[in-house]
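Reproduced below: entry.cif, with mmCIF, C-alpha atoms.
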```cif
data_start
loop_
_atom_site.label_atom_id
_atom_site.label_comp_id
_atom_site.auth_asym_id
_atom_site.auth_seq_id
_atom_site.Cartn_x
_atom_site.Cartn_y
_atom_site.Cartn_z
CA MET S 127 195.38 101.50 255.09
CA ALA S 128 191.92 101.27 253.47
CA GLY S 129 191.41 97.72 252.24
CA PRO S 130 194.02 95.28 250.94
CA ILE S 131 196.84 96.79 248.88
CA PRO S 132 199.34 95.10 246.52
CA LEU S 133 202.47 93.78 248.16
CA SER S 134 204.50 96.14 245.95
CA GLN S 135 202.72 99.15 247.48
CA PHE S 136 203.20 97.81 251.01
CA MET S 137 206.91 97.15 250.41
CA GLY S 138 207.48 100.53 248.78
CA ALA S 139 205.83 102.46 251.61
CA ALA S 140 207.57 100.42 254.32
CA ASN S 141 211.03 100.87 252.81
CA ALA S 142 210.50 104.57 252.09
CA HIS S 143 209.85 105.16 255.81
CA TYR S 144 212.62 102.80 256.88
CA TYR S 145 215.40 104.39 254.84
CA ALA S 146 214.24 107.95 255.50
CA THR S 147 214.45 107.62 259.26
CA ARG S 148 217.76 105.85 260.03
CA ASP S 149 221.23 104.70 259.06
CA PRO S 150 220.55 100.96 258.69
CA LEU S 151 224.16 99.88 258.20
CA GLY S 152 226.84 98.46 260.45
CA ALA S 153 226.94 96.83 263.87
CA ARG S 154 224.45 99.28 265.35
CA GLY S 155 222.14 99.03 262.34
CA ASP S 156 220.27 96.13 260.78
CA PHE S 157 222.66 94.77 258.15
CA THR S 158 226.18 95.07 256.71
CA THR S 159 226.95 95.44 252.99
CA ALA S 160 230.12 94.42 251.16
CA PRO S 161 231.73 97.91 251.16
CA GLU S 162 231.41 97.97 254.96
CA VAL S 163 233.12 94.56 255.21
CA SER S 164 236.37 95.64 253.57
CA GLN S 165 237.96 98.56 251.71
CA MET S 166 239.10 96.00 249.11
CA PHE S 167 235.57 95.75 247.70
CA GLY S 168 235.34 99.42 246.75
CA GLU S 169 238.96 99.63 245.67
CA LEU S 170 238.57 96.78 243.20
CA ILE S 171 235.41 98.34 241.77
CA GLY S 172 237.27 101.64 241.38
CA LEU S 173 240.07 99.89 239.47
CA TRP S 174 237.45 98.05 237.37
CA ILE S 175 235.97 101.43 236.40
CA ALA S 176 239.37 103.01 235.69
CA ASP S 177 240.40 100.08 233.49
CA LEU S 178 237.18 100.23 231.48
CA TRP S 179 237.42 104.03 231.17
CA GLN S 180 241.00 103.88 229.90
CA ARG S 181 240.16 101.24 227.30
CA ALA S 182 237.14 103.32 226.20
CA GLY S 183 239.50 106.18 225.32
CA ALA S 184 239.40 108.09 228.64
CA PRO S 185 236.23 110.13 227.94
CA PRO S 186 234.97 112.78 230.44
CA ALA S 187 232.79 110.27 232.32
CA ARG S 188 230.74 110.75 235.49
CA TYR S 189 230.51 108.28 238.41
CA VAL S 190 226.88 107.62 239.38
CA GLU S 191 225.94 105.43 242.35
CA LEU S 192 222.40 104.26 243.06
CA GLY S 193 221.62 103.81 246.74
CA PRO S 194 225.15 104.62 247.95
CA GLY S 195 224.65 103.62 251.62
CA ARG S 196 227.06 105.62 253.76
CA GLY S 197 229.23 106.54 250.77
CA THR S 198 231.87 103.97 251.74
CA LEU S 199 231.93 102.24 248.35
CA ALA S 200 232.18 105.55 246.50
CA ALA S 201 235.00 106.84 248.74
CA ASP S 202 237.05 103.65 248.34
CA ALA S 203 236.38 103.42 244.59
CA LEU S 204 237.21 107.08 243.95
CA ARG S 205 240.49 106.76 245.87
CA ALA S 206 241.51 103.82 243.67
CA MET S 207 240.35 105.59 240.49
CA ALA S 208 242.40 108.67 241.32
CA LYS S 209 245.57 106.58 241.55
CA ALA S 210 244.79 105.39 238.01
CA GLY S 211 244.28 108.93 236.74
CA LEU S 212 240.47 109.12 236.84
CA THR S 213 238.83 111.80 239.01
CA PRO S 214 235.22 111.95 237.76
CA PRO S 215 232.39 114.18 238.92
CA VAL S 216 230.16 112.19 241.31
CA ASP S 217 226.38 111.84 241.31
CA MET S 218 224.51 110.10 244.14
CA ILE S 219 220.97 108.78 243.63
CA GLU S 220 219.59 108.86 247.16
CA THR S 221 216.24 109.73 248.77
CA SER S 222 217.16 109.33 252.46
CA PRO S 223 218.20 112.58 254.22
CA THR S 224 220.03 110.53 256.87
CA LEU S 225 222.11 108.63 254.34
CA ARG S 226 222.71 111.72 252.21
CA ALA S 227 224.38 113.34 255.24
CA ALA S 228 226.67 110.34 255.69
CA GLN S 229 227.49 110.27 251.97
CA ALA S 230 228.31 113.99 251.93
CA GLU S 231 230.85 113.47 254.73
CA ARG S 232 232.71 110.77 252.79
CA VAL S 233 232.34 112.32 249.32
CA PRO S 234 232.04 116.09 249.88
CA HIS S 235 231.97 117.04 246.19
CA ALA S 236 229.06 114.72 245.27
CA GLU S 237 225.88 116.03 243.68
CA PHE S 238 222.64 114.49 244.94
CA HIS S 239 219.56 113.46 242.96
CA LEU S 240 216.26 111.77 243.76
CA GLY S 241 216.34 109.83 240.47
CA LEU S 242 218.05 109.53 237.12
CA THR S 243 216.23 112.45 235.50
CA GLY S 244 218.49 115.08 237.02
CA LEU S 245 221.75 113.62 235.71
CA SER S 246 223.94 115.47 233.25
CA GLU S 247 223.29 114.58 229.61
CA ASP S 248 226.63 115.68 228.18
CA ALA S 249 229.03 112.87 229.21
CA PRO S 250 229.24 109.09 229.49
CA LEU S 251 227.96 107.67 232.79
CA ILE S 252 229.43 104.87 234.91
CA PHE S 253 226.64 103.52 237.11
CA VAL S 254 227.27 101.38 240.20
CA ALA S 255 224.39 99.74 242.08
CA ASN S 256 225.39 97.56 245.03
CA GLU S 257 222.44 96.10 246.95
CA PHE S 258 220.08 98.61 245.37
CA PHE S 259 217.70 96.51 243.29
CA ASP S 260 216.91 94.06 246.10
CA ALA S 261 215.09 96.83 247.99
CA LEU S 262 212.86 97.88 245.08
CA PRO S 263 209.22 96.77 245.40
CA ILE S 264 208.15 93.40 244.03
CA ARG S 265 204.81 91.97 243.01
CA GLN S 266 203.98 88.43 244.05
CA LEU S 267 201.54 86.21 242.16
CA ILE S 268 200.31 83.16 244.03
CA ALA S 269 198.78 79.97 242.64
CA THR S 270 195.38 79.10 244.16
CA GLN S 271 192.75 76.44 243.50
CA GLU S 272 190.96 79.07 241.37
CA GLY S 273 194.07 80.09 239.39
CA TRP S 274 196.81 82.68 239.78
CA ARG S 275 196.07 85.73 241.91
CA GLU S 276 198.06 88.75 243.05
CA ARG S 277 199.27 88.66 246.64
CA LEU S 278 197.85 91.58 248.59
CA VAL S 279 198.44 92.82 252.14
CA ALA S 280 195.43 93.25 254.43
CA CYS S 281 195.24 94.85 257.86
CA GLN S 282 193.20 93.00 260.48
CA ASP S 283 193.04 94.89 263.76
CA THR S 284 196.73 95.89 264.03
CA LEU S 285 198.12 92.90 262.12
CA PHE S 286 199.27 92.97 258.50
CA LEU S 287 198.65 89.71 256.66
CA PRO S 288 199.24 88.53 253.07
CA ILE S 289 196.13 87.38 251.23
CA ALA S 290 195.24 86.35 247.68
CA GLY S 291 193.29 88.90 245.66
CA ASP S 292 190.20 88.22 243.54
CA ARG S 293 191.49 89.11 240.06
CA GLY S 294 192.87 86.38 237.82
CA PHE S 295 196.40 86.68 236.40
CA ASP S 296 196.76 83.35 234.59
CA MET S 297 197.37 84.99 231.20
CA ILE S 298 200.61 86.69 232.30
CA ILE S 299 202.08 83.57 233.92
CA PRO S 300 204.77 81.79 231.84
CA PRO S 301 203.22 78.59 230.42
CA SER S 302 205.69 76.38 232.29
CA PHE S 303 204.40 77.71 235.62
CA ARG S 304 200.64 77.89 235.00
CA ASP S 305 199.97 74.45 236.49
CA ALA S 306 202.15 74.98 239.57
CA ALA S 307 200.84 73.64 242.88
CA PRO S 308 198.60 75.91 244.97
CA GLY S 309 200.72 78.11 247.20
CA SER S 310 203.45 78.52 244.59
CA ILE S 311 204.68 82.11 244.26
CA LEU S 312 206.07 83.91 241.22
CA GLU S 313 207.77 87.26 241.78
CA THR S 314 208.18 90.18 239.40
CA SER S 315 209.62 93.63 239.93
CA PRO S 316 208.22 96.20 237.50
CA ALA S 317 210.11 98.90 239.42
CA SER S 318 213.43 97.16 238.75
CA VAL S 319 212.69 96.71 235.06
CA ALA S 320 211.65 100.36 234.73
CA THR S 321 214.84 101.51 236.45
CA VAL S 322 217.07 99.36 234.21
CA ARG S 323 215.30 100.57 231.09
CA GLN S 324 215.71 104.21 232.13
CA LEU S 325 219.37 103.60 232.97
CA ALA S 326 219.90 101.79 229.66
CA GLN S 327 218.36 104.63 227.69
CA ARG S 328 220.84 107.05 229.24
CA LEU S 329 223.77 104.74 228.42
CA THR S 330 222.62 104.22 224.85
CA ALA S 331 222.37 107.99 224.36
CA GLN S 332 225.50 109.04 226.29
CA GLY S 333 227.82 106.05 226.45
CA GLY S 334 229.15 104.35 229.55
CA ALA S 335 228.44 101.27 231.60
CA ALA S 336 226.58 99.96 234.63
CA LEU S 337 227.75 97.51 237.30
CA ILE S 338 224.98 95.82 239.29
CA ILE S 339 225.84 93.71 242.35
CA ASP S 340 223.13 92.05 244.41
CA TYR S 341 221.87 88.76 245.70
CA GLY S 342 219.64 86.95 243.27
CA TYR S 343 219.05 84.30 240.63
CA MET S 344 218.51 83.69 236.93
CA GLY S 345 214.74 83.70 236.54
CA PRO S 346 211.91 83.58 236.17
CA ALA S 347 211.51 80.97 238.91
CA ILE S 348 208.97 79.85 241.48
CA GLY S 349 209.72 80.87 245.06
CA ASP S 350 209.00 83.39 247.81
CA THR S 351 212.14 85.46 248.46
CA LEU S 352 210.62 88.38 250.36
CA GLN S 353 212.50 88.86 253.61
CA ALA S 354 212.95 91.33 256.44
CA VAL S 355 216.14 91.97 258.37
CA LYS S 356 216.20 93.75 261.73
CA GLY S 357 219.12 93.86 264.10
CA HIS S 358 221.14 91.51 261.83
CA GLU S 359 218.45 88.83 262.19
CA TYR S 360 215.61 87.73 259.93
CA ALA S 361 212.15 88.97 260.90
CA ASN S 362 208.56 88.60 259.70
CA PRO S 363 208.17 90.99 256.72
CA PHE S 364 204.65 91.88 257.84
CA ASP S 365 205.54 92.80 261.44
CA THR S 366 206.28 96.46 262.23
CA PRO S 367 206.34 97.77 258.63
CA GLY S 368 208.82 100.61 258.23
CA GLU S 369 211.01 99.33 261.08
CA ALA S 370 212.84 96.55 259.15
CA ASP S 371 214.62 96.34 255.81
CA LEU S 372 212.39 94.57 253.26
CA THR S 373 214.19 92.98 250.31
CA ALA S 374 213.74 90.27 247.68
CA HIS S 375 216.13 88.37 245.45
CA VAL S 376 216.97 90.03 242.13
CA ASP S 377 216.07 88.29 238.87
CA PHE S 378 219.22 88.96 236.86
CA ALA S 379 217.89 87.34 233.69
CA THR S 380 214.97 89.77 233.55
CA LEU S 381 217.23 92.78 234.22
CA GLY S 382 219.57 91.66 231.44
CA GLU S 383 216.70 91.20 228.98
CA ALA S 384 215.37 94.68 229.76
CA ALA S 385 218.79 96.23 229.15
CA ARG S 386 219.36 94.22 225.96
CA ALA S 387 216.01 95.40 224.61
CA GLU S 388 217.30 98.97 224.92
CA GLY S 389 220.44 98.17 222.92
CA LEU S 390 223.02 97.48 225.64
CA VAL S 391 225.58 94.67 225.71
CA ILE S 392 225.23 92.32 228.70
CA HIS S 393 228.17 90.74 230.56
CA GLY S 394 227.47 88.03 233.12
CA PRO S 395 226.08 87.49 235.56
CA VAL S 396 228.92 85.84 237.44
CA THR S 397 229.14 85.20 241.15
CA GLN S 398 230.62 87.90 243.38
CA GLY S 399 233.34 85.44 244.40
CA GLU S 400 234.36 84.85 240.78
CA PHE S 401 234.25 88.56 239.98
CA LEU S 402 236.39 89.73 242.89
CA THR S 403 238.88 86.90 242.43
CA ARG S 404 239.33 87.79 238.76
CA LEU S 405 239.84 91.43 239.71
CA GLY S 406 242.65 90.45 242.10
CA ILE S 407 241.26 90.35 245.63
CA THR S 408 243.69 87.55 246.55
CA GLU S 409 246.66 89.64 245.46
CA ARG S 410 245.25 92.77 247.13
CA THR S 411 244.80 90.87 250.40
CA ALA S 412 248.41 89.71 250.24
CA ALA S 413 249.69 93.24 249.55
CA LEU S 414 247.74 94.77 252.43
CA SER S 415 248.84 91.96 254.74
CA LEU S 416 252.48 92.55 253.84
CA ALA S 417 252.10 96.26 254.61
CA ALA S 418 250.28 95.60 257.90
CA PRO S 419 251.09 92.09 259.22
CA GLU S 420 249.02 92.65 262.34
CA ARG S 421 245.91 92.88 260.13
CA ALA S 422 246.62 89.78 258.04
CA GLY S 423 244.15 87.57 259.87
CA GLN S 424 241.31 90.08 259.64
CA LEU S 425 242.05 90.79 255.98
CA ALA S 426 241.84 87.08 255.16
CA THR S 427 238.56 86.81 257.09
CA ASP S 428 237.13 89.80 255.19
CA ARG S 429 238.25 88.37 251.82
CA ASP S 430 236.59 85.06 252.63
CA ARG S 431 233.37 86.77 253.68
CA LEU S 432 233.20 88.52 250.31
CA THR S 433 234.21 85.54 248.16
CA HIS S 434 233.49 82.24 249.92
CA PRO S 435 230.55 80.30 248.41
CA GLU S 436 228.98 79.79 251.83
CA GLN S 437 229.14 83.49 252.67
CA MET S 438 228.59 86.28 250.10
CA GLY S 439 230.55 84.71 247.24
CA GLU S 440 227.86 82.51 245.65
CA LEU S 441 224.49 84.10 246.45
CA PHE S 442 225.62 87.55 245.30
CA LYS S 443 225.82 88.00 241.55
CA VAL S 444 227.43 90.65 239.34
CA ILE S 445 226.24 91.84 235.93
CA ALA S 446 227.63 94.61 233.74
CA LEU S 447 225.80 96.55 231.03
CA THR S 448 227.81 98.47 228.45
CA ALA S 449 226.82 100.99 225.81
CA PRO S 450 227.29 100.00 222.16
CA GLY S 451 230.90 100.46 221.15
CA TRP S 452 232.27 100.32 224.68
CA PRO S 453 234.90 97.64 225.47
CA ALA S 454 234.12 94.43 227.33
CA PRO S 455 234.73 94.98 231.06
CA ALA S 456 237.09 92.95 233.24
CA GLY S 457 235.92 90.23 235.60
CA PHE S 458 233.44 88.35 233.43
CA SER S 459 235.66 85.79 231.73
CA GLU S 460 238.81 83.91 232.57
#
```

Kindly transcribe the structure held in the file into structure tokens.
Amino acid sequence: MAGPIPLSQFMGAANAHYYATRDPLGARGDFTTAPEVSQMFGELIGLWIADLWQRAGAPPARYVELGPGRGTLAADALRAMAKAGLTPPVDMIETSPTLRAAQAERVPHAEFHLGLTGLSEDAPLIFVANEFFDALPIRQLIATQEGWRERLVACQDTLFLPIAGDRGFDMIIPPSFRDAAPGSILETSPASVATVRQLAQRLTAQGGAALIIDYGYMGPAIGDTLQAVKGHEYANPFDTPGEADLTAHVDFATLGEAARAEGLVIHGPVTQGEFLTRLGITERTAALSLAAPERAGQLATDRDRLTHPEQMGELFKVIALTAPGWPAPAGFSE
């Protein structure tokens, strides 16, 4: 690395290497996502899609997942969709050869793409992005005695360290934050906004919807949310780049504004706990427990992990984006 580079560049390079070289999921990996916790998560999303599709007039839609992990969510969702009469073609947006192999095992008929540009243009698209946006690169602006500066990453000997750059950024800081105390950090994610805008343009042109599930907040807000996870434990984001998962909290307000600017209708965000409860996770847990009483305890534990406020239920948020003329999706109002 020649000289300090923006944090966004550091994060992008580190995650590109990380995801290209391993399966990061599960007990032997670094973290566990909701689809890996319970089949109920993917099944309920599949039923959510089928319900929306039916009320939209049952068009020839395609299922598109961004960052599909091992393909577990897609497999569970597609199984539930099929029972409701929907068997869509499947597109996976994935850059990791390791994860593509796992996805192909679970969803053999999927087509793979590096980005949105290769997707079919002749049918409505149903996008699903679960824990995708949190891994996209962020910029951090930090308040100093001299004003707001971009946070850069420097290499000293073999250590990577965050430093404040020389250029001033006061003019792009929201007025309410310009006088924040030195050390305050404001995060932005141009990569996330660009992705949502590109996605929204496809939906506006072709019809369809997008479901985004991630941990995050309604911003903009002051705070440093950059984190690294390795071996199911938090680590220093600047240690061993490329060997830990680097993520940051998603600003749902900014994503919604970007989609609205492209003509989409925004639903939510609501918490993951609210969303899954409204879709029927309590009833699904009871049905599975009745069919397999020996699993009842584990099913209840899994449900609580997905919905309890102190686990994934509160921090994780859900937002839906629908094309003009498409019906309002389930799960976002009582």

Inset, instruction - Run through the PyMOL selection byres ((chain S and resi 145) around 10) on the given coordinates and return the selected residues as an MDAnalysis selection string. - result: chainID S and resid 140:144 146:150 195 220:225 368:371

Legend entry - Counting all atoms listed in the file, the residue of S:Ala446, S:Ala201, S:Ala269, S:Ala413 that sits nearest Val391 of chain S: S:Ala446

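What the PyMOL selection byres ((chain S and resi 310) around 9) picks from this file is Leu267, Ile268, Ala269, Thr270, Ala306, Ala307, Pro308, Gly309, Ile311, Leu312, Ile348, Gly349 and Asp350 of chain S.
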
Legend entry - From S:Ser134, S:Thr366, S:Asn256, S:Leu416, residue lying nearest Thr284 of chain S [only C-alpha atoms]: S:Thr366

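Distance-wise, atom CA of Pro363 of chain S and atom CA of Ser315 of chain S end up 17.1 Å apart.
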
Inset, instruction - Evaluate the PyMOL selection byres ((chain S and resi 359) around 12) on the structure here and hand back the selected residues as a VMD selection string. - result: chain S and resid 153 155 to 158 353 to 358 360 to 363 370 to 371

Inset, instruction - Name the residues within 12 Å of (234.6, 89.9, 230.0), counting all atoms listed in the file in the file's coordinates, and put them as a PyMOL selection string. - result: chain S and resi 174+178+391-396+400-401+404-405+444-448+452-460

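Counting only C-alpha atoms and comparing S:Ile131, S:Ala320, S:Leu329, S:Ala336, the residue that lies closest to Gly291 of chain S is S:Ile131.
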
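Taking only C-alpha atoms into account, Leu287 of chain S lies nearest to S:Pro367 out of the set S:Gly406, S:Pro367, S:Pro161, S:Pro435.
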
Inset, instruction - Choose the residue, out of S:Thr314, S:Gln282, S:Thr321, S:Gln332, that has the smallest atom-to-atom separation from Phe259 of chain S; count all atoms listed in the file. - result: S:Thr321

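One distance worth recording is that between atom CA of Arg181 of chain S and atom CA of Gly334 of chain S, which is 11.7 Å.
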
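The point (199.0, 98.5, 250.9) has these residues within 12 Å of it when only C-alpha atoms are used: S:Met127, S:Ala128, S:Gly129, S:Pro130, S:Ile131, S:Pro132, S:Leu133, S:Ser134, S:Gln135, S:Phe136, S:Met137, S:Gly138, S:Ala139, S:Ala140, S:Pro263, S:Arg265, S:Arg277, S:Leu278, S:Val279, S:Ala280, S:Cys281, S:Phe286, S:Leu287, S:Pro288, S:Ile289, S:Phe364, S:Pro367.
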
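With atom CA of Pro250 of chain S on one side and atom CA of Ala208 of chain S on the other, the separation reads 17.7 Å.
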
Inset, instruction - Please provide as a count of residues only all residues within 7 Å of Leu432 of chain S, with the sequence filter that same-chain residues fewer than 5 positions apart are discarded (counting all atoms listed in the file). - result: 5

Kindly complete segment 419-434 of chain S to N, CA and C atoms; the output should be written as a JSON list (two decimals), in the coordinates of the input.
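Result file result.json:
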```json
[["chain", "number", "residue", "atom", "x", "y", "z"],
["S", 419, "PRO", "N", 251.18, 93.50, 258.80],
["S", 419, "PRO", "CA", 251.09, 92.09, 259.22],
["S", 419, "PRO", "C", 250.11, 91.85, 260.36],
["S", 420, "GLU", "N", 249.94, 92.83, 261.21],
["S", 420, "GLU", "CA", 249.02, 92.65, 262.34],
["S", 420, "GLU", "C", 247.57, 92.55, 261.88],
["S", 421, "ARG", "N", 247.28, 92.95, 260.67],
["S", 421, "ARG", "CA", 245.91, 92.88, 260.13],
["S", 421, "ARG", "C", 245.70, 91.68, 259.23],
["S", 422, "ALA", "N", 246.70, 90.86, 259.03],
["S", 422, "ALA", "CA", 246.62, 89.78, 258.04],
["S", 422, "ALA", "C", 245.46, 88.84, 258.30],
["S", 423, "GLY", "N", 245.24, 88.48, 259.55],
["S", 423, "GLY", "CA", 244.15, 87.57, 259.87],
["S", 423, "GLY", "C", 242.79, 88.16, 259.54],
["S", 424, "GLN", "N", 242.59, 89.43, 259.92],
["S", 424, "GLN", "CA", 241.31, 90.08, 259.64],
["S", 424, "GLN", "C", 241.10, 90.27, 258.15],
["S", 425, "LEU", "N", 242.16, 90.61, 257.43],
["S", 425, "LEU", "CA", 242.05, 90.79, 255.98],
["S", 425, "LEU", "C", 241.64, 89.48, 255.29],
["S", 426, "ALA", "N", 242.20, 88.38, 255.73],
["S", 426, "ALA", "CA", 241.84, 87.08, 255.16],
["S", 426, "ALA", "C", 240.39, 86.73, 255.47],
["S", 427, "THR", "N", 239.96, 87.05, 256.70],
["S", 427, "THR", "CA", 238.56, 86.81, 257.09],
["S", 427, "THR", "C", 237.61, 87.64, 256.23],
["S", 428, "ASP", "N", 237.97, 88.91, 256.01],
["S", 428, "ASP", "CA", 237.13, 89.80, 255.19],
["S", 428, "ASP", "C", 237.07, 89.31, 253.74],
["S", 429, "ARG", "N", 238.22, 88.90, 253.19],
["S", 429, "ARG", "CA", 238.25, 88.37, 251.82],
["S", 429, "ARG", "C", 237.34, 87.16, 251.71],
["S", 430, "ASP", "N", 237.41, 86.26, 252.68],
["S", 430, "ASP", "CA", 236.59, 85.06, 252.63],
["S", 430, "ASP", "C", 235.11, 85.39, 252.75],
["S", 431, "ARG", "N", 234.78, 86.38, 253.55],
["S", 431, "ARG", "CA", 233.37, 86.77, 253.68],
["S", 431, "ARG", "C", 232.82, 87.26, 252.35],
["S", 432, "LEU", "N", 233.64, 87.97, 251.60],
["S", 432, "LEU", "CA", 233.20, 88.52, 250.31],
["S", 432, "LEU", "C", 233.16, 87.47, 249.20],
["S", 433, "THR", "N", 234.02, 86.44, 249.31],
["S", 433, "THR", "CA", 234.21, 85.54, 248.16],
["S", 433, "THR", "C", 233.82, 84.10, 248.41],
["S", 434, "HIS", "N", 233.73, 83.66, 249.65],
["S", 434, "HIS", "CA", 233.49, 82.24, 249.92],
["S", 434, "HIS", "C", 232.07, 81.86, 249.51]]
```
